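Structure first, then comments.
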Amino acid sequence: MSKNRKPAESVPLGDVEGDPSGETWDLRLYVAGRSPKSVAAFANLKRLCDEHLAGRYRIEVVDLLENPQLAAGDQIVAIPTLIRKLPEPLRRIVGDLSDAERTLVGLQLRQAGSGSRDSSAGG
Amino acid sequence: MARAKRRTEASRTELPKACSGIEGLDAITGGGLPRGRPSLVCGSAGAGKTLLAMEFLVRGAMQYDEPGVFMAFEETKEELTMNVRSLGFDLDQLGRDKRLVIDFVRLERDEIEETGSYDLEGLFVRLNYAIDTVGAKRVVLDTLEALFAGLSNTAILRAELRRLFRWLKQKGVTAVITAERGEGALTRHGLEEYVSDCVILLDHRVIDQVSTRRLRIVKYRGSVHGTNEYPFLIDHDGISVLPITSARLEHTASEERVSSGIPRLDVMLGGKGYYRGSSVLVSGTAGTGKTSLASSFVSAACQRGERCLYFAFEESQGQLVRNMRSIGLDLEKWVHKGLLRFHAIRSQQDGLEMHLARFHKLLNEFDPEIVVFDPIGSFIQAGTRKDATAMVTRLIDVLKVRGTTAFMTNLTSGGAPAESTDIDISSLIDTWILLRDVELGGERNRALNVLKSRGMAHSNQIREFVMSSNGIELADVYIGASGVLTGSMRQAQEARERAETLQRHQEVDSLQRGLAHKREALAERIAALQRELRIEQEETERLIAQQLGREDMLRTDREQMARRRRADAAASPPGKRQSKGKRR
C-alpha cells in the first residue's frame with residue numbers, strides 16, 4: 001500500500017503559534033493527475049503549512065489516476081480533497097484550497113469566528 | 001472506431017436494448033432499457049426505486065451475463081445486502097463471483113469544508129475503477145441527488161453531472177440513475193434535464209388506506225412504449241409490472257365445451273355446458289347457492305384432471321371445504337392432488353392493482369384451466385366502482401387471452417334488480433346464470449335460469465335448484481296462478497298431479513269395462529234373437545209341411561172317394577158333383 005503513496009514534502013521542524021499541541025500533522029491530498037486544480041491545491045496547502053505548521057507536517061499526495069483503488073477507502077468524491085488524518089478527528093476539505101481562511105478553519109488551525117472578517121477575500 | 005461504427009449501424013436499424021429481467025417491464029418498454037445509455041428512475045420515498053435498480057443489476061448479472069456496479073449514496077453495502085436478501089438476491093455471493101460491485105459513497109456535509117474550485121473526478125475514478133474491476137455492463141447510481149445534500153456548490157455539481165452522463169454514455173454502460181420525486185417536477189434537482197433517453201416514474205399512492213404502486217414510462221426516446229400507468233408488485237420474487245391494460249380483443253374462441261358439473265344444467269346450456277375460455281357469471285342474492293354452483297364446476301373440472309384456481313374473498317379454504325362437503329363435494333381431495341388451489345384473501349387487504357398483480361402472478365405460476373372469483377363484486381371494497389370495473393375488465397381480458405375459463409359469482413344485494421351486477425360487467429359475460437329466491441307457501445326456495453349464454457341454444461326455463469348431500473339437482477318448476485311453484489308446493493303439486501292421473505286412469509278403466517259389459521249383453525241378446533228366429537223358422541216349416549201333407553191327404557181321399565163312387569153307380573156319376581169338378 002505504502003508504495004502507492006508518494007510522500008511529498010515532509011519537513012519536521014520546531015513549534016508554531018497555530019497549533020500549541022506540538023504534534024505532527026499527517027495530511028493527505030487526493031488529486032487526479034496534474035490538473036490545474038490539483039497543482040493549485042498542493043501549492044496552497046504547502047504555503048499554509050509552512051506558515052502555520054512549519055516543520056511539523058507531512059503531506060502525502062495520492063494521485064487517483066495512478067491509484068484509483070484508493071478513492072473508495074477515504075470516501076473521495078470531489079477532487080482535490082484534503083484529509084487531515086492526524087491530529088484526530090479526521091477532517092475533510094474539498095477544493096483547491098484557494099480560500100486560505102476557510103482552509104485554516106477546515107483544518108481547525110483557526111476558530112471559525114476569528115477568521116470571519118477576512119472570509120470575504122476568497123468567498 | 002470499431003465501436004463507434006457498430007453503434008451507428010445499430011441505431012440505424014433499431015435502438016439496442018438491455019433486458020431488465022424484471023417481469024413485465026421488458027414488455028412495456030419493448031425489450032428493456034436503452035443499452036449503453038443512462039435511464040432515470042424517479043419516485044417518492046419508498047416507491048421502490050432502489051429495488052428496481054438493484055433487480056436490474058442482479059438480473060443482469062445472473063441472467064444476462066452482464067456484471068454490474070451499484071454505487072449507493074444512501075445505504076451501505078451491508079444494508080443493501082440485507083434488504084434484498086428476502087428477494088433471494090445474494091449480493092455477497094455475486095460480489096465474490098466478481099459479478100457485482102457495491103460502492104457506498106458517503107457524503108456528510110458537516111464533515112466537509114469547501115474551499116475554492118473542485119470537480120467530481122473522485123467519483124469518476126471510483127466508478128471507472130469499479131466498472132473495470134468486474135467488466136461491468138450495467139451501472140446504478142442510487143440516489144445521485146445525495147450529492148446535492150453533501151456538496152453545496154450546485155454550479156459545479158450541475159456541470160459535473162452533465163459530464164457524468166456524457167461519460168457514462170462513452171463508457172457504453174447501461175445505467176440506471178434514481179432520483180427523488182420533486183415538487184411539480186419529476187426530480188427534486190432536475191436530473192431529467194441530463195437524462196433524455198428514458199425516464200421511468202414510480203408512484204406509491206395510498207387511497208382509502210389502500211396502497212398502490214404504479215409505474216409509468218414518462219419518456220423513451222427512439223422507442224415505442226406503453227404510456228399507461230402500470231401497477232406493479234413487490235413481493236418475494238422482486239418486482240412484477242403488469243402490462244395488462246393494453247389487452248386487445250384478439251383472443252380466439254374455443255369450440256370446446258366444459259361441463260358445469262351439474263348434468264341438468266349442461267342440458268340447459270345447449271346440452272354440453274359452458275364454452276372453454278368463456279366467462280361465466282352466477283349472480284344471486286345471499287344464500288342462493290352461488291358458491292355451491294362454483295364448487296360443482298371446480299369439482300367436475302378437477303375430476304377431468306384440470307387445474308383450478310379458486311379466489312375466495314369471503315370464506316377461508318377450510319370453511320369452503322367444510323361447507324361443500326355438506327353437498328357431497330370433496331374439494332380437499334383435489335387440493336391434495338395439486339389440482340385445486342385456493343387463494344383466500346379479503347379484498348380490502350390490498351389495492352386493486354395489487355390484487356391484479358397477484359392474480360397475474362398466480363396465473364403464471366399455477367397455469368390453471370379454470371379460475372373462480374367468489375365473489376367478484378367485493379373488489380368494490382378495494383377501490384372505487386369505476387376502478388373495480390376496469391380491473392375486472394382487464395382480468396377477463398387476460399383470462400380470455402389465456403383461454404382460461406372464468407367463473408365469477410356476484411352477490412345481488414337485496415332490493416337491487418336481479419339482472420344487475422355491482423360491478424358493471426354484465427356485458428362482458430358470456431354465460432350469465434341467475435339464481436333467485438322464490439318465497440311461496442311459507443318457505444323459501446332457490447330457482448335457477450340461464451339469463452344469457454352467448455353462442456349456444458340455451459333453455460329459457462326456470463328450474464328449481466335443489467341442494468342435497470348428493471349434490472345439486474335441478475328440478476322442473478310449476479307455473480301456477482301465483483307464479484312458479486317450488487319446494488313443498490311443487491311437491492304438493494306433484495302429488496296432486498299423481499292423484500289426478502290415477503283417477504283418470506280409473507275412469508278410463510271403468511268406461512272400458514262398461515263398454516265390454518254392453519258388448520257382452522248385446523251379444524247375448526243377439527244370440528237369443530237368433531235362437532228365437534231359428535225356432536220360428538222351424539215352426540213355420542213344420543206348419544208348411546203339415547199344410548202340404550193335409551192337401552195331399554185330401555186329394556188322395558177325394559180320388560179314393562171318386563173311385564169308390566164309380567164302382568157303386570157305374571152308369572151315372574153324380575151330375576152336380578161332376579160338373580162342378582169339370583169346371584174346376
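Letters for chains follow the order of the C-alpha cells (A, B, ...), residue numbers begin at 1 for each chain, and ligand numbers begin at 1 in the order shown.
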
Discussion item. Among segment 126-349 of chain B, which ones does DSSP assign to helix (DSSP H, G or I) (computed from the backbone)? Answer as a PyMOL selection string.
Written reply: chain B and resi 126-134+146-150+154-171+191-193+263-268+290-303+317-325+331-337+347-349

Counting only C-alpha atoms, a student should be able to say which residues of chain B come within 12 Å of chain A; what is the right answer, written as a PDB file with C-alpha atoms, in the first residue's frame?
ATOM      1  CA  MET B  71     -22.991   2.978  -6.444  1.00  0.00           C
ATOM      2  CA  ALA B  72     -25.004   3.638  -3.313  1.00  0.00           C
ATOM      3  CA  PHE B  73     -25.267   7.100  -1.843  1.00  0.00           C
ATOM      4  CA  VAL B 101     -19.533  -4.364  -7.063  1.00  0.00           C
ATOM      5  CA  ILE B 102     -21.244  -2.245  -4.473  1.00  0.00           C
ATOM      6  CA  ASP B 103     -19.572   1.028  -3.686  1.00  0.00           C
ATOM      7  CA  PHE B 104     -21.059   3.022  -0.866  1.00  0.00           C
ATOM      8  CA  VAL B 105     -20.401   6.726  -1.239  1.00  0.00           C
ATOM      9  CA  ARG B 106     -20.675   8.623   1.996  1.00  0.00           C
ATOM     10  CA  LEU B 107     -21.115  12.360   1.890  1.00  0.00           C
ATOM     11  CA  GLU B 108     -21.654  14.234   5.124  1.00  0.00           C
ATOM     12  CA  ARG B 109     -21.952  17.935   4.672  1.00  0.00           C
ATOM     13  CA  ASP B 110     -20.826  18.870   8.178  1.00  0.00           C
ATOM     14  CA  GLU B 111     -17.642  16.849   7.759  1.00  0.00           C
ATOM     15  CA  ILE B 112     -16.724  18.643   4.583  1.00  0.00           C
ATOM     16  CA  GLU B 113     -15.273  22.073   4.239  1.00  0.00           C
ATOM     17  CA  GLU B 114     -15.301  23.541   0.745  1.00  0.00           C
ATOM     18  CA  THR B 115     -12.697  25.994  -0.301  1.00  0.00           C
ATOM     19  CA  GLY B 116     -12.339  27.023  -3.880  1.00  0.00           C
ATOM     20  CA  SER B 117     -12.902  25.107  -7.018  1.00  0.00           C
ATOM     21  CA  TYR B 118     -13.227  21.339  -7.286  1.00  0.00           C
ATOM     22  CA  ASP B 119     -14.693  18.677  -9.524  1.00  0.00           C
ATOM     23  CA  LEU B 120     -16.129  15.186  -9.047  1.00  0.00           C
ATOM     24  CA  GLU B 121     -13.193  13.384 -10.572  1.00  0.00           C
ATOM     25  CA  GLY B 122     -13.021  11.250  -7.458  1.00  0.00           C
ATOM     26  CA  LEU B 123     -16.440   9.859  -8.219  1.00  0.00           C
ATOM     27  CA  PHE B 124     -15.493   9.223 -11.820  1.00  0.00           C
ATOM     28  CA  VAL B 125     -12.339   7.445 -10.738  1.00  0.00           C
ATOM     29  CA  ARG B 126     -14.234   5.249  -8.317  1.00  0.00           C
ATOM     30  CA  LEU B 127     -16.914   4.413 -10.836  1.00  0.00           C
ATOM     31  CA  ASN B 128     -14.393   3.724 -13.544  1.00  0.00           C
ATOM     32  CA  TYR B 129     -12.365   1.528 -11.252  1.00  0.00           C
ATOM     33  CA  ALA B 130     -15.426  -0.447 -10.161  1.00  0.00           C
ATOM     34  CA  ILE B 131     -16.589  -0.893 -13.764  1.00  0.00           C
ATOM     35  CA  ASP B 132     -13.196  -2.125 -14.850  1.00  0.00           C
ATOM     36  CA  THR B 133     -12.848  -4.476 -11.894  1.00  0.00           C
ATOM     37  CA  LEU B 144     -27.341  10.679  -7.234  1.00  0.00           C
ATOM     38  CA  ALA B 146     -27.330  12.872  -2.407  1.00  0.00           C
ATOM     39  CA  LEU B 147     -24.501  14.856  -3.993  1.00  0.00           C
ATOM     40  CA  GLY B 150     -23.327  16.640   0.591  1.00  0.00           C
ATOM     41  CA  LEU B 151     -21.822  19.406  -1.526  1.00  0.00           C
ATOM     42  CA  SER B 152     -23.001  22.988  -1.710  1.00  0.00           C
ATOM     43  CA  ASN B 153     -21.673  24.315  -4.986  1.00  0.00           C
ATOM     44  CA  ILE B 156     -20.071  22.707 -10.062  1.00  0.00           C
ATOM     45  CA  LEU B 157     -22.422  19.787  -9.371  1.00  0.00           C
ATOM     46  CA  GLU B 160     -20.187  17.614 -13.298  1.00  0.00           C
TER      47      GLU B 160
END

Any chance you could list, as a PDB file with N, CA and C atoms, in the first residue's frame, the residues in segment 8-94 of chain A that come up strand (DSSP E or B) when DSSP is run on the backbone?
ATOM      1  N   ALA A   8       5.304  13.486  -0.072  1.00  0.00           N
ATOM      2  CA  ALA A   8       5.848  14.741  -0.590  1.00  0.00           C
ATOM      3  C   ALA A   8       6.609  15.425   0.543  1.00  0.00           C
ATOM      4  N   GLU A   9       6.657  16.700   0.472  1.00  0.00           N
ATOM      5  CA  GLU A   9       7.399  17.489   1.461  1.00  0.00           C
ATOM      6  C   GLU A   9       7.105  17.042   2.887  1.00  0.00           C
ATOM      7  N   SER A  10       8.072  16.482   3.508  1.00  0.00           N
ATOM      8  CA  SER A  10       7.903  16.071   4.889  1.00  0.00           C
ATOM      9  C   SER A  10       9.013  16.721   5.712  1.00  0.00           C
ATOM     10  N   VAL A  11       8.646  17.847   6.292  1.00  0.00           N
ATOM     11  CA  VAL A  11       9.695  18.652   6.934  1.00  0.00           C
ATOM     12  C   VAL A  11       9.437  18.819   8.442  1.00  0.00           C
ATOM     13  N   PRO A  12       9.983  17.943   9.245  1.00  0.00           N
ATOM     14  CA  PRO A  12       9.756  18.130  10.673  1.00  0.00           C
ATOM     15  C   PRO A  12      10.582  19.304  11.214  1.00  0.00           C
ATOM     16  N   TRP A  25       1.498  16.799  12.121  1.00  0.00           N
ATOM     17  CA  TRP A  25       0.265  16.739  11.327  1.00  0.00           C
ATOM     18  C   TRP A  25       0.448  15.797  10.157  1.00  0.00           C
ATOM     19  N   ASP A  26      -0.525  14.965  10.005  1.00  0.00           N
ATOM     20  CA  ASP A  26      -0.474  13.999   8.902  1.00  0.00           C
ATOM     21  C   ASP A  26      -1.571  14.357   7.914  1.00  0.00           C
ATOM     22  N   LEU A  27      -1.201  14.844   6.780  1.00  0.00           N
ATOM     23  CA  LEU A  27      -2.188  15.310   5.792  1.00  0.00           C
ATOM     24  C   LEU A  27      -2.086  14.481   4.521  1.00  0.00           C
ATOM     25  N   ARG A  28      -3.221  14.280   3.917  1.00  0.00           N
ATOM     26  CA  ARG A  28      -3.211  13.525   2.663  1.00  0.00           C
ATOM     27  C   ARG A  28      -4.027  14.305   1.634  1.00  0.00           C
ATOM     28  N   LEU A  29      -3.437  14.523   0.501  1.00  0.00           N
ATOM     29  CA  LEU A  29      -4.114  15.282  -0.551  1.00  0.00           C
ATOM     30  C   LEU A  29      -4.393  14.362  -1.735  1.00  0.00           C
ATOM     31  N   TYR A  30      -5.675  14.244  -2.042  1.00  0.00           N
ATOM     32  CA  TYR A  30      -6.051  13.414  -3.191  1.00  0.00           C
ATOM     33  C   TYR A  30      -6.175  14.294  -4.418  1.00  0.00           C
ATOM     34  N   VAL A  31      -5.484  13.904  -5.476  1.00  0.00           N
ATOM     35  CA  VAL A  31      -5.548  14.657  -6.740  1.00  0.00           C
ATOM     36  C   VAL A  31      -5.781  13.672  -7.884  1.00  0.00           C
ATOM     37  N   ARG A  56       6.280  20.606  11.202  1.00  0.00           N
ATOM     38  CA  ARG A  56       5.512  19.610  11.957  1.00  0.00           C
ATOM     39  C   ARG A  56       4.427  18.955  11.094  1.00  0.00           C
ATOM     40  N   TYR A  57       4.663  18.912   9.856  1.00  0.00           N
ATOM     41  CA  TYR A  57       3.619  18.338   8.998  1.00  0.00           C
ATOM     42  C   TYR A  57       4.206  17.391   7.973  1.00  0.00           C
ATOM     43  N   ARG A  58       3.326  16.563   7.485  1.00  0.00           N
ATOM     44  CA  ARG A  58       3.724  15.644   6.427  1.00  0.00           C
ATOM     45  C   ARG A  58       2.572  15.621   5.434  1.00  0.00           C
ATOM     46  N   ILE A  59       2.859  15.858   4.177  1.00  0.00           N
ATOM     47  CA  ILE A  59       1.803  15.829   3.158  1.00  0.00           C
ATOM     48  C   ILE A  59       2.033  14.631   2.259  1.00  0.00           C
ATOM     49  N   GLU A  60       0.981  13.835   2.164  1.00  0.00           N
ATOM     50  CA  GLU A  60       1.051  12.680   1.257  1.00  0.00           C
ATOM     51  C   GLU A  60       0.120  12.976   0.101  1.00  0.00           C
ATOM     52  N   VAL A  61       0.624  12.964  -1.106  1.00  0.00           N
ATOM     53  CA  VAL A  61      -0.222  13.239  -2.265  1.00  0.00           C
ATOM     54  C   VAL A  61      -0.590  11.912  -2.916  1.00  0.00           C
ATOM     55  N   VAL A  62      -1.899  11.694  -3.074  1.00  0.00           N
ATOM     56  CA  VAL A  62      -2.351  10.457  -3.726  1.00  0.00           C
ATOM     57  C   VAL A  62      -2.957  10.829  -5.072  1.00  0.00           C
ATOM     58  N   ASP A  63      -2.367  10.302  -6.120  1.00  0.00           N
ATOM     59  CA  ASP A  63      -2.913  10.563  -7.459  1.00  0.00           C
ATOM     60  C   ASP A  63      -3.859   9.422  -7.817  1.00  0.00           C
ATOM     61  N   ILE A  79     -12.517  16.195  -6.158  1.00  0.00           N
ATOM     62  CA  ILE A  79     -11.064  16.342  -6.341  1.00  0.00           C
ATOM     63  C   ILE A  79     -10.790  17.839  -6.534  1.00  0.00           C
ATOM     64  N   THR A  81      -9.248  16.706  -2.734  1.00  0.00           N
ATOM     65  CA  THR A  81      -9.739  16.572  -1.369  1.00  0.00           C
ATOM     66  C   THR A  81      -8.540  16.434  -0.440  1.00  0.00           C
ATOM     67  N   LEU A  82      -8.587  17.240   0.599  1.00  0.00           N
ATOM     68  CA  LEU A  82      -7.528  17.169   1.604  1.00  0.00           C
ATOM     69  C   LEU A  82      -8.093  16.485   2.841  1.00  0.00           C
ATOM     70  N   ILE A  83      -7.343  15.490   3.330  1.00  0.00           N
ATOM     71  CA  ILE A  83      -7.773  14.790   4.527  1.00  0.00           C
ATOM     72  C   ILE A  83      -6.749  15.053   5.629  1.00  0.00           C
ATOM     73  N   ARG A  84      -7.265  15.458   6.764  1.00  0.00           N
ATOM     74  CA  ARG A  84      -6.368  15.569   7.916  1.00  0.00           C
ATOM     75  C   ARG A  84      -6.483  14.273   8.702  1.00  0.00           C
ATOM     76  N   LYS A  85      -5.461  13.431   8.554  1.00  0.00           N
ATOM     77  CA  LYS A  85      -5.501  12.138   9.241  1.00  0.00           C
ATOM     78  C   LYS A  85      -5.168  12.335  10.712  1.00  0.00           C
ATOM     79  N   LEU A  86      -4.175  13.142  10.972  1.00  0.00           N
ATOM     80  CA  LEU A  86      -3.742  13.442  12.336  1.00  0.00           C
ATOM     81  C   LEU A  86      -3.495  14.938  12.433  1.00  0.00           C
ATOM     82  N   ARG A  91     -10.503  15.320   9.367  1.00  0.00           N
ATOM     83  CA  ARG A  91     -11.156  16.461   8.722  1.00  0.00           C
ATOM     84  C   ARG A  91     -11.041  16.311   7.219  1.00  0.00           C
ATOM     85  N   ARG A  92     -12.001  16.908   6.520  1.00  0.00           N
ATOM     86  CA  ARG A  92     -12.070  16.707   5.086  1.00  0.00           C
ATOM     87  C   ARG A  92     -12.294  18.089   4.435  1.00  0.00           C
ATOM     88  N   ILE A  93     -11.419  18.474   3.584  1.00  0.00           N
ATOM     89  CA  ILE A  93     -11.555  19.775   2.931  1.00  0.00           C
ATOM     90  C   ILE A  93     -11.528  19.558   1.424  1.00  0.00           C
ATOM     91  N   VAL A  94     -12.558  20.072   0.788  1.00  0.00           N
ATOM     92  CA  VAL A  94     -12.726  19.857  -0.640  1.00  0.00           C
ATOM     93  C   VAL A  94     -12.421  21.158  -1.372  1.00  0.00           C
TER      94      VAL A  94
END

Worksheet entry | Between atom CA of Leu281 of chain B and atom CA of Lys333 of chain B, distance in Å (one decimal) |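 We find that atom CA of Leu281 of chain B and atom CA of Lys333 of chain B lie 25.6 Å from each other.
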
Practice prompt. Pick out the residues sitting within 10 Å of segment 180-191 of chain B, and hand them over as a ChimeraX atom specification; count only C-alpha atoms, and ignore anything fewer than 5 positions along from it in its own chain.
Written response: /B:40-47,49,142-146,148,154,158,161-162,196,199-203,218

Worksheet item: With only C-alpha atoms as the basis for distance, which of B:Gln506, B:Thr431, B:Gln348, B:Thr81 is at the shortest distance from Val282 of chain B?
Response: B:Thr431

Worksheet item: Between atom CA of Leu242 of chain B and atom CA of Leu25 of chain B, what is the spacing in Å?
Response: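 For atom CA of Leu25 of chain B relative to atom CA of Leu242 of chain B, the distance reads 7.9 Å.
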
Practice prompt. Calculate how many Å separate atom CA of Glu75 of chain B from atom CA of Met54 of chain B, rounding to one decimal.
Written response: 12.2 Å

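You can rank B:Gly21, B:Pro231, B:Gly270, B:Gly351 by their closest distance to Ala388 of chain B using only C-alpha atoms, and at the top of that list sits B:Gly351.
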